[in-house]
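The structure appears below as structure tokens.
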Amino acid sequence: MSDPEPGVEPGPIGPAGSEGAPEANARVLGVGAYVPSAGLSQEAVVDAWGRSRARGVDAVAVPAPDEDTLTMGVAAAERALSAAGIDAGDLAGLAFGTTTPPLAEEDLLPRLGAALGVPADARTHYAGRSTRAGTRALRAA
């Protein structure tokens with residue numbers, strides 16, 4: 001296993017009282033996903049771009065004008081908390097990863113935490129602008 005990336009503190013991010021070194025039996029308690037309901041057909045892509053290289057793909061999900069990675073992250077996190085049976089107010093930490101943040105220079109975690117109801121003093125980890133952002137956030141958690 002490689003060394004932790006700079007700025008990542010070791011330890012779990014989970015329900016309050018779980019501070020300390022990661023346990024060997026650490027596990028994911030709940031998973032949530034969100035996919036935009038709007039779609040763009042392959043035919044529309046071909047009409048706009050003149051071609052499509054996505055063989056076997058009939059349509060792709062497209063965010064609505066008021067959706068971005070933060071709002072979709074909130075929806076997915078709410079589903080994960082529900083699946084785990086955990087209240088966001090009991091979390092001691094929050095990690096968020098996205099390849100395409102909606103804001104160029106702002107820390108998204110205060111907005112995400114406030115939308116979910118995570119305590120303001122929770123540990124946080126943000127990973128962005130990388131194809132590895134999701135795995136980095138999961139590893140930090």
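Note on naming: chains are A, B, ... as they come in the structure tokens, residues start from 1 per chain, ligands start from 1 in the order shown.
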
Which residues come within 12 Å of Ala120 (chain A), counting only C-alpha atoms, excluding same-chain residues fewer than 6 positions away, as an NGL selection string? :A and (88-94 or 109-114)

Write out as a ChimeraX atom specification each polymer residue whose atoms come within 7 Å of region 73-80 of chain A, counting only C-alpha atoms; drop sequence neighbours fewer than 2 positions from it. /A:30-34,69-71,82-84,112,115-116

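Taking CA of Met72 (chain A) as the reference point, CA of Pro119 (chain A) is found at 20.3 Å.
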
Need the shell around Ser37 (chain A): protein/DNA/RNA residues with any atom at most 8 Å away, counting only C-alpha atoms. Skip same-chain ones fewer than 5 positions apart. Format as a list in words? Ala61, Val62 and Pro63 of chain A

May I have the residues from that selection written out with N, CA, C and O atoms, as a PDB file, in the first residue's frame?
```
ATOM      1  N   ALA A  61     -26.951   9.919 -19.130  1.00  0.00           N
ATOM      2  CA  ALA A  61     -27.632  10.775 -18.163  1.00  0.00           C
ATOM      3  C   ALA A  61     -27.031  12.175 -18.235  1.00  0.00           C
ATOM      4  O   ALA A  61     -25.818  12.337 -18.377  1.00  0.00           O
ATOM      5  N   VAL A  62     -27.889  13.173 -18.123  1.00  0.00           N
ATOM      6  CA  VAL A  62     -27.456  14.561 -18.209  1.00  0.00           C
ATOM      7  C   VAL A  62     -28.052  15.335 -17.027  1.00  0.00           C
ATOM      8  O   VAL A  62     -29.265  15.278 -16.814  1.00  0.00           O
ATOM      9  N   PRO A  63     -27.228  16.041 -16.259  1.00  0.00           N
ATOM     10  CA  PRO A  63     -27.767  16.814 -15.142  1.00  0.00           C
ATOM     11  C   PRO A  63     -28.721  17.907 -15.619  1.00  0.00           C
ATOM     12  O   PRO A  63     -28.524  18.496 -16.687  1.00  0.00           O
TER      13      PRO A  63
END
```
